[in-house]
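Reviewing the structure listed below.
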Amino acid sequence: MIDVRRIIDVIKSCHLVGLMGDMCLSKAEETDFLKVMDLSNQPSFSFGRTRRLVIYLGKYDAKVRTELASNIWSLRIIRVLGEFVWPSTLMSNINEFKALRILDFGRVDFPRGELPEGIFDLQFLRYLSFEGCFLAKLPSSISNLSYLQVLDLRTQYKENGNNIIIPNHVFQKMARLQHLYLPLEFQLRNGKKLRLDGLAELQTLKNFNSKLCEVRDLYKLEKLRNLDAKVEVCLEDLNSITDFMKSRSNNQKGLHRCSIEVKNFDSYSHTKHSAFRQILKSGVPPIVSFQGYIETLPPHFEISQNFTEIVLGSTQLEQDPMATLEKLKNLRLLVLEDDAFKVKKMVCSASGFPELKHLELSKLFLFEEWTVNISAMPRLSHLKIEHCNKLVTLPDRSEFLDSLQEFKMIKMPKPFTQKVSERYDDNRVKRPPSLIILDV
């Protein structure tokens with residue numbers, strides 16, 4: 001079975017599972033393309049000529065012989081569900097993988113949150129990932145990896161604030177770095193922001209947070225092509241980042257993709273509301289997430305058609321936003337959450353949302369009635385409705401549900417989920433491949 005996860009028009013992942021996955025893995029090991037060491041069983045060391053090794057952590061430690069380790073180019077160390085023994089022997093000898101170009105830790109909790117010192121001796125590393133890992137601090141010695149091109153620091157997010165500490169000048173010597181994925185949240189010392197001005201080759205920058213990073217450094221990243229930024233509260237930072245995005249979006253060699261997440265930005269003042277309207281008018285960036293009080297949207301002719309993704313949360317709109325948003329012809333993803341609007345009825349007009357593929361409605365506590373006219377949302381493939389307590393019935397016209405690939409309902413009233421189940425019990429109605437009903 002092939003499991004493809006498509007988000008909007010981009011294929012994010014493709015998984016071969018079941019017999020097909022087993023067959024592909026077996027063939028890869030047979031031809032020495034890669035080897036898998038599963039430490040839930042007593043490890044074997046017959047690696048042959050392979051240059052790619054995957055280690056699943058389990059109840060055993062592991063030692064890879066020096067003559068085998070020195071030939072490995074790619075090493076993935078993955079934590080699976082359940083308890084595991086920390087492979088202390090393997091980690092204390094990680095510097096024996098002298099030819100390593102790719103080192104990927106998947107969901108690994110490092111003891112005391114500290115990295116093995118031997119990692120910083122791997123001078124030929126090009127790719128280093130700690131996605132989903134627990135790290136207390138990023139050592140400044142990581143700058144010794146002067147050939148590193150990809151660094152993924154999307155470590156575990158801790159709601160208690162105990163997130164990874166990053167030295168504010170740690171990247172200034174990593175001149176060859178091309179793709180940097182920062183954590184969602186991290187800590188700095190001495191009250192200074194993270195500096196990025198030494199990254200002359202940087203092309204991708206994810207999770208840039210103006211609260212933690214120097215905004216002026218963006219202008220020094222001449223090769224930047226992909227930028228995901230976040231602004232909290234600060235109007236000056238919002239204006240600076242959007243001005244930068246506009247200046248680079250007009251340049252053929254500038255940004256190819258950019259997005260901005262604006263949090264805790266209540267627009268009670270004319271100045272703040274004007275900044276929000278200016279973003280909508282310019283259409284830069286085309287992917288916007290906005291959390292904070294707005295009250296009113298501008299008319300549709302004052303909103304750019306460039307938008308492909310919009311998220312509105314806690315905006316407390318006084319009118320149904322669909323009348324405006326459905327006229328955005330290129331919009332592919334729309335999320336309305338946390339009392340995005342304060343009206344009881346929502347209407348999707350005929351021929352509205354011609355390109356919309358992903359719709360999410362979450363925690364809209366006044367939302368009671370939904371009308372969907374014929375030919376609205378003709379391309380909708382993913383629908384998620386969560387915790388809308390007063391919505392108890394489906395729209396009268398629910399043909400739009402027939403094209404869904406995934407329909408997810410979470411903490412919805414029982415009358416609503418019963419009507420959905422009854423609808424799909426009818427053999428004449430096409431059931432989505434993924435129908436999920438959760439009451440947690």
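Letters A, B, ... go to the chains of the structure tokens in the order shown; residues in each chain start at 1; ligands are counted from 1 in the same order.
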
- Surrounding residues of segment 95-102 of chain A excluding itself and chain neighbours under 3 positions, 7 Å, only C-alpha atoms, as a PyMOL selection string: chain A and resi 66+69-75+118-119+121-122+124-128

Same residues, N, CA and C atoms, saved as a PDB file, in the first residue's frame:
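In the end it all went to out_24.pdb:
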ATOM      1  N   THR A  66      34.975  -0.254  13.862  1.00  0.00           N
ATOM      2  CA  THR A  66      35.592   0.937  13.287  1.00  0.00           C
ATOM      3  C   THR A  66      35.702   0.846  11.778  1.00  0.00           C
ATOM      4  N   ALA A  69      32.225   1.477  10.448  1.00  0.00           N
ATOM      5  CA  ALA A  69      31.755   2.839  10.710  1.00  0.00           C
ATOM      6  C   ALA A  69      32.420   3.850   9.792  1.00  0.00           C
ATOM      7  N   SER A  70      33.680   3.647   9.484  1.00  0.00           N
ATOM      8  CA  SER A  70      34.420   4.630   8.690  1.00  0.00           C
ATOM      9  C   SER A  70      33.945   4.698   7.248  1.00  0.00           C
ATOM     10  N   ASN A  71      33.126   3.713   6.812  1.00  0.00           N
ATOM     11  CA  ASN A  71      32.607   3.722   5.440  1.00  0.00           C
ATOM     12  C   ASN A  71      31.205   4.306   5.329  1.00  0.00           C
ATOM     13  N   ILE A  72      30.554   4.554   6.473  1.00  0.00           N
ATOM     14  CA  ILE A  72      29.159   5.014   6.450  1.00  0.00           C
ATOM     15  C   ILE A  72      29.100   6.500   6.079  1.00  0.00           C
ATOM     16  N   TRP A  73      28.246   6.813   5.086  1.00  0.00           N
ATOM     17  CA  TRP A  73      28.021   8.204   4.687  1.00  0.00           C
ATOM     18  C   TRP A  73      26.766   8.787   5.335  1.00  0.00           C
ATOM     19  N   SER A  74      25.775   7.912   5.560  1.00  0.00           N
ATOM     20  CA  SER A  74      24.476   8.382   6.063  1.00  0.00           C
ATOM     21  C   SER A  74      24.068   7.543   7.265  1.00  0.00           C
ATOM     22  N   LEU A  75      23.764   8.200   8.394  1.00  0.00           N
ATOM     23  CA  LEU A  75      23.366   7.507   9.620  1.00  0.00           C
ATOM     24  C   LEU A  75      22.105   8.149  10.176  1.00  0.00           C
ATOM     25  N   GLY A 118      31.592  13.854  20.365  1.00  0.00           N
ATOM     26  CA  GLY A 118      32.179  13.339  19.133  1.00  0.00           C
ATOM     27  C   GLY A 118      31.520  13.848  17.869  1.00  0.00           C
ATOM     28  N   ILE A 119      30.288  14.333  17.974  1.00  0.00           N
ATOM     29  CA  ILE A 119      29.595  14.853  16.789  1.00  0.00           C
ATOM     30  C   ILE A 119      30.390  15.989  16.156  1.00  0.00           C
ATOM     31  N   ASP A 121      33.444  16.363  15.825  1.00  0.00           N
ATOM     32  CA  ASP A 121      34.648  15.922  15.110  1.00  0.00           C
ATOM     33  C   ASP A 121      34.323  15.446  13.701  1.00  0.00           C
ATOM     34  N   LEU A 122      33.045  15.404  13.347  1.00  0.00           N
ATOM     35  CA  LEU A 122      32.634  14.890  12.030  1.00  0.00           C
ATOM     36  C   LEU A 122      32.723  16.019  11.012  1.00  0.00           C
ATOM     37  N   PHE A 124      33.118  16.314   7.886  1.00  0.00           N
ATOM     38  CA  PHE A 124      32.546  16.282   6.539  1.00  0.00           C
ATOM     39  C   PHE A 124      31.022  16.331   6.534  1.00  0.00           C
ATOM     40  N   LEU A 125      30.419  16.518   7.700  1.00  0.00           N
ATOM     41  CA  LEU A 125      28.954  16.554   7.773  1.00  0.00           C
ATOM     42  C   LEU A 125      28.395  17.662   6.889  1.00  0.00           C
ATOM     43  N   ARG A 126      27.376  17.283   6.097  1.00  0.00           N
ATOM     44  CA  ARG A 126      26.640  18.265   5.292  1.00  0.00           C
ATOM     45  C   ARG A 126      25.220  18.466   5.823  1.00  0.00           C
ATOM     46  N   TYR A 127      24.675  17.444   6.506  1.00  0.00           N
ATOM     47  CA  TYR A 127      23.268  17.458   6.944  1.00  0.00           C
ATOM     48  C   TYR A 127      23.209  16.961   8.379  1.00  0.00           C
ATOM     49  N   LEU A 128      22.597  17.764   9.264  1.00  0.00           N
ATOM     50  CA  LEU A 128      22.469  17.388  10.675  1.00  0.00           C
ATOM     51  C   LEU A 128      21.073  17.764  11.152  1.00  0.00           C
TER      52      LEU A 128
END

- Query: What are the DSSP strand (DSSP E or B) residues of segment 61-144 of chain A, as a list in words?
  - Reply: Ser74, Leu75, Arg76, Ile77, Ile78, Arg79, Ile102, Leu103, Asp104, Phe105, Gly106, Asp109, Tyr127, Leu128, Ser129, Phe134 and Lys137 of chain A

Would you export the selected residues with C-alpha atoms as a CSV table (one decimal), in the first residue's frame, please?
chain,number,residue,atom,x,y,z
A,74,SER,CA,24.5,8.4,6.1
A,75,LEU,CA,23.4,7.5,9.6
A,76,ARG,CA,19.8,7.8,10.9
A,77,ILE,CA,19.2,7.1,14.6
A,78,ILE,CA,15.5,6.8,15.4
A,79,ARG,CA,13.5,6.4,18.6
A,102,ILE,CA,24.3,12.9,6.8
A,103,LEU,CA,23.4,12.5,10.5
A,104,ASP,CA,19.7,12.4,11.4
A,105,PHE,CA,18.4,11.9,15.0
A,106,GLY,CA,14.7,11.2,15.0
A,109,ASP,CA,15.9,12.3,24.0
A,127,TYR,CA,23.3,17.5,6.9
A,128,LEU,CA,22.5,17.4,10.7
A,129,SER,CA,18.9,17.0,12.1
A,134,PHE,CA,15.1,16.8,23.4
A,137,LYS,CA,21.4,23.6,24.8

- Task: Apply DSSP to the backbone of this structure and, from segment 2-209 of chain A, keep only the residues in helix (DSSP H, G or I); write these as a count of residues only.
- Result: 38

- Task: Compile the contact shell of Lys192 of chain A as a PyMOL selection string: residues with an atom at most 10 Å away, counting only C-alpha atoms, same-chain residues fewer than 3 positions apart removed.
- Result: chain A and resi 167-169+188-189+195+212-214

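Non-sequential neighbours of Ser247 of chain A (distance at most 10 Å, separation of 6 or more positions within a chain, only C-alpha atoms) are Tyr219, Ile241, Gly254, Leu255 and Val284 of chain A.
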
- Message: Let me make sure I understand: among A:Glu399, A:Leu438, A:Val347, A:Leu202, which one has the smallest atom-to-atom distance to Met174 of chain A if we use only C-alpha atoms?
- Response: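 Among the listed residues, the smallest separation from Met174 of chain A belongs to A:Leu202.
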
- Compile the contact shell of Asp217 of chain A as a list of chain:residue names: residues with an atom at most 12 Å away, counting only C-alpha atoms, same-chain residues fewer than 2 positions apart removed.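 The neighbour list is A:Gln172, A:Lys193, A:Leu194, A:Arg195, A:Leu196, A:Asp197, A:Gly198, A:Leu199, A:Ala200, A:Leu202, A:Leu205, A:Phe208, A:Ser210, A:Cys213, A:Glu214, A:Val215, A:Tyr219, A:Lys220, A:Leu221, A:Glu222, A:Leu224, A:Ser240, A:Ile241, A:Phe244.
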
Dump N, CA and C atoms for the selected residues as a PDB file, in the first residue's frame?
ATOM      1  N   GLN A 172      27.434  32.503  13.117  1.00  0.00           N
ATOM      2  CA  GLN A 172      28.168  33.489  12.335  1.00  0.00           C
ATOM      3  C   GLN A 172      29.403  32.925  11.639  1.00  0.00           C
ATOM      4  N   LYS A 193      19.607  39.167  20.864  1.00  0.00           N
ATOM      5  CA  LYS A 193      18.898  38.361  19.881  1.00  0.00           C
ATOM      6  C   LYS A 193      19.866  37.509  19.059  1.00  0.00           C
ATOM      7  N   LEU A 194      19.320  36.475  18.433  1.00  0.00           N
ATOM      8  CA  LEU A 194      20.114  35.574  17.599  1.00  0.00           C
ATOM      9  C   LEU A 194      20.569  36.312  16.341  1.00  0.00           C
ATOM     10  N   ARG A 195      21.864  36.190  16.023  1.00  0.00           N
ATOM     11  CA  ARG A 195      22.417  36.849  14.841  1.00  0.00           C
ATOM     12  C   ARG A 195      22.542  35.854  13.693  1.00  0.00           C
ATOM     13  N   LEU A 196      22.163  36.301  12.514  1.00  0.00           N
ATOM     14  CA  LEU A 196      22.184  35.463  11.315  1.00  0.00           C
ATOM     15  C   LEU A 196      22.969  36.121  10.187  1.00  0.00           C
ATOM     16  N   ASP A 197      23.642  37.214  10.469  1.00  0.00           N
ATOM     17  CA  ASP A 197      24.249  38.012   9.410  1.00  0.00           C
ATOM     18  C   ASP A 197      25.453  37.349   8.753  1.00  0.00           C
ATOM     19  N   GLY A 198      25.990  36.266   9.314  1.00  0.00           N
ATOM     20  CA  GLY A 198      27.127  35.602   8.695  1.00  0.00           C
ATOM     21  C   GLY A 198      26.753  34.517   7.704  1.00  0.00           C
ATOM     22  N   LEU A 199      25.454  34.299   7.490  1.00  0.00           N
ATOM     23  CA  LEU A 199      24.998  33.172   6.660  1.00  0.00           C
ATOM     24  C   LEU A 199      24.788  33.626   5.221  1.00  0.00           C
ATOM     25  N   ALA A 200      25.883  33.869   4.522  1.00  0.00           N
ATOM     26  CA  ALA A 200      25.818  34.431   3.170  1.00  0.00           C
ATOM     27  C   ALA A 200      25.202  33.484   2.151  1.00  0.00           C
ATOM     28  N   LEU A 202      22.705  31.262   2.849  1.00  0.00           N
ATOM     29  CA  LEU A 202      21.422  30.746   3.337  1.00  0.00           C
ATOM     30  C   LEU A 202      20.309  30.949   2.308  1.00  0.00           C
ATOM     31  N   LEU A 205      15.018  29.618   5.531  1.00  0.00           N
ATOM     32  CA  LEU A 205      15.004  29.992   6.947  1.00  0.00           C
ATOM     33  C   LEU A 205      13.593  29.784   7.485  1.00  0.00           C
ATOM     34  N   PHE A 208      11.630  31.823  11.789  1.00  0.00           N
ATOM     35  CA  PHE A 208      12.263  33.086  12.163  1.00  0.00           C
ATOM     36  C   PHE A 208      11.284  33.865  13.033  1.00  0.00           C
ATOM     37  N   SER A 210      10.733  37.268  15.263  1.00  0.00           N
ATOM     38  CA  SER A 210      11.307  38.603  15.467  1.00  0.00           C
ATOM     39  C   SER A 210      11.566  38.903  16.939  1.00  0.00           C
ATOM     40  N   CYS A 213      15.091  36.880  17.032  1.00  0.00           N
ATOM     41  CA  CYS A 213      16.091  37.060  15.978  1.00  0.00           C
ATOM     42  C   CYS A 213      16.145  38.523  15.536  1.00  0.00           C
ATOM     43  N   GLU A 214      17.317  38.953  15.091  1.00  0.00           N
ATOM     44  CA  GLU A 214      17.489  40.321  14.607  1.00  0.00           C
ATOM     45  C   GLU A 214      16.857  40.469  13.222  1.00  0.00           C
ATOM     46  N   VAL A 215      15.847  41.321  13.120  1.00  0.00           N
ATOM     47  CA  VAL A 215      15.146  41.508  11.851  1.00  0.00           C
ATOM     48  C   VAL A 215      16.070  42.115  10.801  1.00  0.00           C
ATOM     49  N   TYR A 219      18.150  41.428   5.688  1.00  0.00           N
ATOM     50  CA  TYR A 219      18.614  42.157   4.505  1.00  0.00           C
ATOM     51  C   TYR A 219      20.015  41.728   4.068  1.00  0.00           C
ATOM     52  N   LYS A 220      20.747  41.038   4.946  1.00  0.00           N
ATOM     53  CA  LYS A 220      22.095  40.584   4.613  1.00  0.00           C
ATOM     54  C   LYS A 220      22.103  39.175   4.025  1.00  0.00           C
ATOM     55  N   LEU A 221      20.942  38.543   3.982  1.00  0.00           N
ATOM     56  CA  LEU A 221      20.840  37.178   3.447  1.00  0.00           C
ATOM     57  C   LEU A 221      20.467  37.270   1.974  1.00  0.00           C
ATOM     58  N   GLU A 222      21.452  37.536   1.133  1.00  0.00           N
ATOM     59  CA  GLU A 222      21.209  37.846  -0.275  1.00  0.00           C
ATOM     60  C   GLU A 222      20.646  36.668  -1.065  1.00  0.00           C
ATOM     61  N   LEU A 224      18.566  34.303   0.144  1.00  0.00           N
ATOM     62  CA  LEU A 224      17.383  33.739   0.793  1.00  0.00           C
ATOM     63  C   LEU A 224      16.242  33.587  -0.207  1.00  0.00           C
ATOM     64  N   SER A 240       8.604  45.905   9.458  1.00  0.00           N
ATOM     65  CA  SER A 240       9.954  45.653   8.935  1.00  0.00           C
ATOM     66  C   SER A 240      10.002  44.367   8.127  1.00  0.00           C
ATOM     67  N   ILE A 241       9.380  43.307   8.648  1.00  0.00           N
ATOM     68  CA  ILE A 241       9.425  42.016   7.955  1.00  0.00           C
ATOM     69  C   ILE A 241       8.608  42.054   6.674  1.00  0.00           C
ATOM     70  N   PHE A 244      10.491  43.906   4.073  1.00  0.00           N
ATOM     71  CA  PHE A 244      11.549  43.063   3.508  1.00  0.00           C
ATOM     72  C   PHE A 244      10.976  42.077   2.497  1.00  0.00           C
TER      73      PHE A 244
END
